[in-house]
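Shown next, in structure tokens, is the structure this report addresses.
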Amino acid sequence: MSTYAPLPVAFKSGKGAYLTDTNGKDYLDAVAGVAVCSLGHAHPRIAEALAEQARTLIHTSNLYQIPHQIELGERLCALASMDKVFFSNSGAEANEAAVKLARLYGKKQGVEKPNIIVASGSFHGRTLATLSATGSRKVQAGFSPLVSGFVRVDYNDIEAIKKIAEINSDVVAILVEPVQGEGGVIVPDKGYLSQIRQICDDNNWLMMLDEIQTGMGRTGKMFAFQHEENARPDVMTLAKALGNGVPIGACLAAGKAAEVFSPGTHGSTFGGNPLTTRAALTVLDVFESTNVVADAAEMGCYLLEQFQAELRGLEGVVAVRGKGMMIGIELSKSCGDLVKLALEKQLLINVTADKTVRLLPPLIINKEQANTIVTTLVELIKAFLKG
Ligand SMILES: *Cc1c(COP(=O)(O)O)cnc(C)c1O
């Protein structure tokens with residue numbers, strides 16, 4: 001069905017930060033399948049683990065114990081200082097689990113109609129509950145009646161959250177992205193997450209972070225909340241880069257939030273199966289045996305500095321911002337056309353929120369590749385703004 005309008009290109013193979021199209025032309029990939037293939041395409045260790053797992057056992061169902069799932073859960077919890085995990089197949093499903101968990105948590109405290117605070121400009125997925133939580137008219141258009149129980153505040157506005165705490169006793173949780181991705185790479189003020197942590201503690205709310213895009217090293221820490229002291233959430237969702245392209249999502253919970261679900265309250269046929277959890281385990285192996293996160297932090301800083309040096313202050317450039325390997329260049333006009341122009345230069349970029357060029361390169365790019373991204377894109381943007 002026509003849910004996407006794909007570009008006129010198809011890729012037959014990939015290697016590291018490059019994709020090769022069906023005509024044999026190579027492209028430098030600064031999108032990574034929308035923050036998914038963070039370790040690059042056709043990663044040999046992941047490919048080998050997947051092939052071996054496919055030959056051994058792909059699926060059994062959650063009717064039985066799945067050792068890889070248990071190991072992955074334990075390792076993710078250790079990395080994030082969380083206690084329990086529910087595995088899904090996508091980001092939206094991970095957020096669905098978080099929303100259900102928050103409602104059940106509220107019910108257990110006697111809140112009949114639990115509310116969840118969400119932010120303007122947010123993106124949480126395309127299922128009915130997650131599109132209702134999403135702060136975008138475009139995502140919601142045509143799908144009313146929406147799922148109720150979401151209260152919206154401006155992103156990066158702590159006072160707005162405090163105000164709701166005073167007037168709404170049905171709030172049980174808050175769900176935000178540490179950096180808004182689809183919303184245009186919006187980086188909140190330092191201290192935003194730790195202040196939310198404090199408000200949640202004061203009001204007995206669950207702090208829920210959607211780290212589907214920001215997680216797994218993307219912002220230069222394993223999880224974006226780790227940039228701040230005292231910002232560990234009660235619930236955190238992951239997906240995108242968790243399987244480096246193999247569909248897997250996760251909803252992690254800590255403390256009281258980890259005890260909310262019981263057998264029968266939630267489930268998934270495919271979730272956490274031997275194949276996808278093996279993929280994610282191998283992703284963690286690579287993260288733990290290399291310096292990929294620290295390197296990404298450094299390369300992200302370098303990219304941002306280069307773009308700021310070249311574009312800041314230019315007429316038509318509103319902002320150049322980012323965190324780690326998540327970079328946004330906001331222009332003063334719609335710039336979707338840049339995607340096609342970059343494609344002609346054999347560079348893959350993304351445009352989100354209509355006016356923001358978004359770069360999400362694989363975390364493993366080297367300096368030469370970073371320089372190619374900067375040179376190619378700066379030239380295109382300058383020409384585009386003149387045209
Ligand atoms: C991509 C994304 C989702 C949705 O994930 P899907 O796997 O497409 O369902 C949710 N939240 C954020 C922040 C995302 O970037």
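Just so we're on the same page: first chain in the structure tokens is A, next is B, and so on; residues restart at 1 for each chain, and ligands are numbered from 1 in the order they show up.
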
Next item on the list: Using only C-alpha atoms and all ligand atoms, find each protein or nucleic acid residue lying at most 10 Å from ligand 1; present the set as a VMD selection string.
Entry: chain A and resid 34 to 36 88 to 96 122 to 127 130 to 131 134 176 to 183 209 to 215 237 to 241 247 to 249

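Excluding Ala342 (chain A) and any residue on its chain fewer than 6 positions from it, the residues at most 8 Å away by only C-alpha atoms are Leu348, Ile349, Thr376, Leu377 and Leu380 of chain A.
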
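Considering the residues A:Pro8, A:Gly184, A:Gly272, A:Gly300 and counting only C-alpha atoms, Val318 (chain A) has its shortest atom-to-atom contact with A:Gly184.
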
Next item on the list: Write out as a list of chain:residue names each polymer residue whose atoms come within 12 Å of His59 (chain A), counting only C-alpha atoms; drop sequence neighbours fewer than 4 positions from it.
Entry: A:Gln53, A:Ala54, A:Arg55, A:Leu63, A:Tyr64, A:Gln65, A:Ile66, A:His68, A:Gln69, A:Thr269, A:Phe270, A:Gly271, A:Gly272, A:Asn273, A:Pro274, A:Leu275, A:Thr276, A:Thr277, A:Arg278

Per residue of region 47-115 of chain A within 12 Å of region 222-227 of chain A, note the shortest atom pair and the distance in Å to one decimal, counting only C-alpha atoms, and order the rows by chain and increasing residue number, as JSON lines.
```
{"residue": "A:Leu76", "atom": "CA", "partner": "A:Met222", "partner_atom": "CA", "distance": 10.3}
{"residue": "A:Cys77", "atom": "CA", "partner": "A:Phe223", "partner_atom": "CA", "distance": 11.7}
{"residue": "A:Ala78", "atom": "CA", "partner": "A:Met222", "partner_atom": "CA", "distance": 11.7}
{"residue": "A:Leu79", "atom": "CA", "partner": "A:Met222", "partner_atom": "CA", "distance": 7.9}
{"residue": "A:Ala80", "atom": "CA", "partner": "A:Phe223", "partner_atom": "CA", "distance": 7.3}
{"residue": "A:Ser81", "atom": "CA", "partner": "A:Gln226", "partner_atom": "CA", "distance": 10.3}
{"residue": "A:Met82", "atom": "CA", "partner": "A:Phe223", "partner_atom": "CA", "distance": 11.9}
```

Item checked: Per-residue DSSP, region 134-329 of chain A, filtered to helix (DSSP H, G or I), as a PyMOL selection string -> chain A and resi 137-140+158-167+192-203+224-227+240-243+255-259+274-289+292-311

Dump as a PDB file, in the first residue's frame, selection limited to C-alpha atoms:
```
ATOM      1  CA  ARG A 137      -1.265  16.686  13.554  1.00  0.00           C
ATOM      2  CA  LYS A 138       0.024  15.057  10.371  1.00  0.00           C
ATOM      3  CA  VAL A 139       0.521  11.695  12.076  1.00  0.00           C
ATOM      4  CA  GLN A 140      -2.934  11.882  13.680  1.00  0.00           C
ATOM      5  CA  ILE A 158       9.521  22.193  32.988  1.00  0.00           C
ATOM      6  CA  GLU A 159       7.084  24.791  34.342  1.00  0.00           C
ATOM      7  CA  ALA A 160       4.291  23.398  32.161  1.00  0.00           C
ATOM      8  CA  ILE A 161       4.807  19.972  33.727  1.00  0.00           C
ATOM      9  CA  LYS A 162       4.760  21.427  37.240  1.00  0.00           C
ATOM     10  CA  LYS A 163       1.529  23.254  36.454  1.00  0.00           C
ATOM     11  CA  ILE A 164      -0.148  20.015  35.386  1.00  0.00           C
ATOM     12  CA  ALA A 165       1.063  18.349  38.584  1.00  0.00           C
ATOM     13  CA  GLU A 166      -0.897  20.975  40.521  1.00  0.00           C
ATOM     14  CA  ILE A 167      -4.187  20.650  38.663  1.00  0.00           C
ATOM     15  CA  TYR A 192      15.585  18.772  31.580  1.00  0.00           C
ATOM     16  CA  LEU A 193      15.607  15.050  32.300  1.00  0.00           C
ATOM     17  CA  SER A 194      16.874  15.296  35.872  1.00  0.00           C
ATOM     18  CA  GLN A 195      14.191  17.890  36.609  1.00  0.00           C
ATOM     19  CA  ILE A 196      11.561  15.554  35.168  1.00  0.00           C
ATOM     20  CA  ARG A 197      13.017  12.817  37.398  1.00  0.00           C
ATOM     21  CA  GLN A 198      12.497  15.059  40.428  1.00  0.00           C
ATOM     22  CA  ILE A 199       8.913  15.946  39.465  1.00  0.00           C
ATOM     23  CA  CYS A 200       8.100  12.267  38.927  1.00  0.00           C
ATOM     24  CA  ASP A 201       9.525  11.386  42.356  1.00  0.00           C
ATOM     25  CA  ASP A 202       7.583  14.207  44.028  1.00  0.00           C
ATOM     26  CA  ASN A 203       4.307  13.103  42.427  1.00  0.00           C
ATOM     27  CA  ALA A 224      20.854   9.522  26.220  1.00  0.00           C
ATOM     28  CA  PHE A 225      19.661   9.816  29.832  1.00  0.00           C
ATOM     29  CA  GLN A 226      23.214   8.947  30.872  1.00  0.00           C
ATOM     30  CA  HIS A 227      24.387  12.408  29.818  1.00  0.00           C
ATOM     31  CA  LYS A 240      15.827   0.966  16.024  1.00  0.00           C
ATOM     32  CA  ALA A 241      19.560   0.220  16.541  1.00  0.00           C
ATOM     33  CA  LEU A 242      19.026  -2.577  19.058  1.00  0.00           C
ATOM     34  CA  GLY A 243      19.169  -5.250  16.353  1.00  0.00           C
ATOM     35  CA  GLY A 255      11.793  -0.736  40.654  1.00  0.00           C
ATOM     36  CA  LYS A 256       8.043  -0.512  41.160  1.00  0.00           C
ATOM     37  CA  ALA A 257       7.480  -0.253  37.382  1.00  0.00           C
ATOM     38  CA  ALA A 258       9.195  -3.599  36.887  1.00  0.00           C
ATOM     39  CA  GLU A 259       6.546  -5.366  38.969  1.00  0.00           C
ATOM     40  CA  PRO A 274      15.858 -16.665  19.540  1.00  0.00           C
ATOM     41  CA  LEU A 275      16.829 -15.023  16.227  1.00  0.00           C
ATOM     42  CA  THR A 276      16.200 -11.370  17.079  1.00  0.00           C
ATOM     43  CA  THR A 277      17.641 -11.640  20.582  1.00  0.00           C
ATOM     44  CA  ARG A 278      20.735 -13.328  19.177  1.00  0.00           C
ATOM     45  CA  ALA A 279      21.116 -10.377  16.809  1.00  0.00           C
ATOM     46  CA  ALA A 280      20.815  -7.886  19.654  1.00  0.00           C
ATOM     47  CA  LEU A 281      23.232  -9.895  21.825  1.00  0.00           C
ATOM     48  CA  THR A 282      25.770  -9.698  19.031  1.00  0.00           C
ATOM     49  CA  VAL A 283      25.152  -5.950  18.718  1.00  0.00           C
ATOM     50  CA  LEU A 284      25.960  -5.662  22.432  1.00  0.00           C
ATOM     51  CA  ASP A 285      29.072  -7.814  21.944  1.00  0.00           C
ATOM     52  CA  VAL A 286      30.297  -5.363  19.317  1.00  0.00           C
ATOM     53  CA  PHE A 287      29.473  -2.347  21.496  1.00  0.00           C
ATOM     54  CA  GLU A 288      31.320  -3.884  24.432  1.00  0.00           C
ATOM     55  CA  SER A 289      34.405  -5.012  22.521  1.00  0.00           C
ATOM     56  CA  VAL A 292      32.082   2.669  19.121  1.00  0.00           C
ATOM     57  CA  VAL A 293      30.127   4.870  21.550  1.00  0.00           C
ATOM     58  CA  ALA A 294      33.089   7.055  22.545  1.00  0.00           C
ATOM     59  CA  ASP A 295      34.157   7.294  18.900  1.00  0.00           C
ATOM     60  CA  ALA A 296      30.622   8.294  17.915  1.00  0.00           C
ATOM     61  CA  ALA A 297      30.600  11.001  20.586  1.00  0.00           C
ATOM     62  CA  GLU A 298      33.824  12.410  19.205  1.00  0.00           C
ATOM     63  CA  MET A 299      32.859  12.139  15.546  1.00  0.00           C
ATOM     64  CA  GLY A 300      29.453  13.653  16.310  1.00  0.00           C
ATOM     65  CA  CYS A 301      31.128  16.661  17.931  1.00  0.00           C
ATOM     66  CA  TYR A 302      33.417  16.987  14.932  1.00  0.00           C
ATOM     67  CA  LEU A 303      30.515  16.864  12.467  1.00  0.00           C
ATOM     68  CA  LEU A 304      28.546  19.425  14.441  1.00  0.00           C
ATOM     69  CA  GLU A 305      31.525  21.779  14.677  1.00  0.00           C
ATOM     70  CA  GLN A 306      32.190  21.504  10.972  1.00  0.00           C
ATOM     71  CA  PHE A 307      28.583  22.226  10.074  1.00  0.00           C
ATOM     72  CA  GLN A 308      28.409  25.120  12.521  1.00  0.00           C
ATOM     73  CA  ALA A 309      31.614  26.610  11.122  1.00  0.00           C
ATOM     74  CA  GLU A 310      30.302  26.348   7.558  1.00  0.00           C
ATOM     75  CA  LEU A 311      26.635  27.198   7.966  1.00  0.00           C
TER      76      LEU A 311
END
```

Note to self: Excluding Gly33 (chain A) and its own-chain neighbours fewer than 2 positions away, which residues fall within 12 Å of it when counting only C-alpha atoms? Please give them as a PyMOL selection string.
What the structure shows: chain A and resi 11+14+17-19+29-31+35-41+213+240-241+244-247+348-350+359-362

Margin query: According to DSSP computed on the backbone, where in region 291-353 of chain A is there strand (DSSP E or B)? Give the residues as a VMD selection string.
Written below: chain A and resid 317 to 323 326 to 331 347 to 348 350 to 352

Checklist line | Selection near Ala102 (chain A), 8 Å with only C-alpha atoms, sequence-local residues under 5 positions removed, as an MDAnalysis selection string | finding: chainID A and resid 114 116 172:173 206

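Closest approach to Phe384 (chain A) from the set A:Val339, A:Ile365, A:Val320, A:Ala370 is made by A:Val339, with distances taken over only C-alpha atoms.
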
Notebook entry, point to check: Taking into account only C-alpha atoms, which residue in the set A:Ile117, A:Val147, A:Ile186, A:Val111 is nearest to Gly322 (chain A)?
Noted result: A:Ile186

Checklist line | Distance of CA of Leu7 (chain A) from CA of Gly387 (chain A), expressed in Å to one decimal place | finding: 22.1 Å
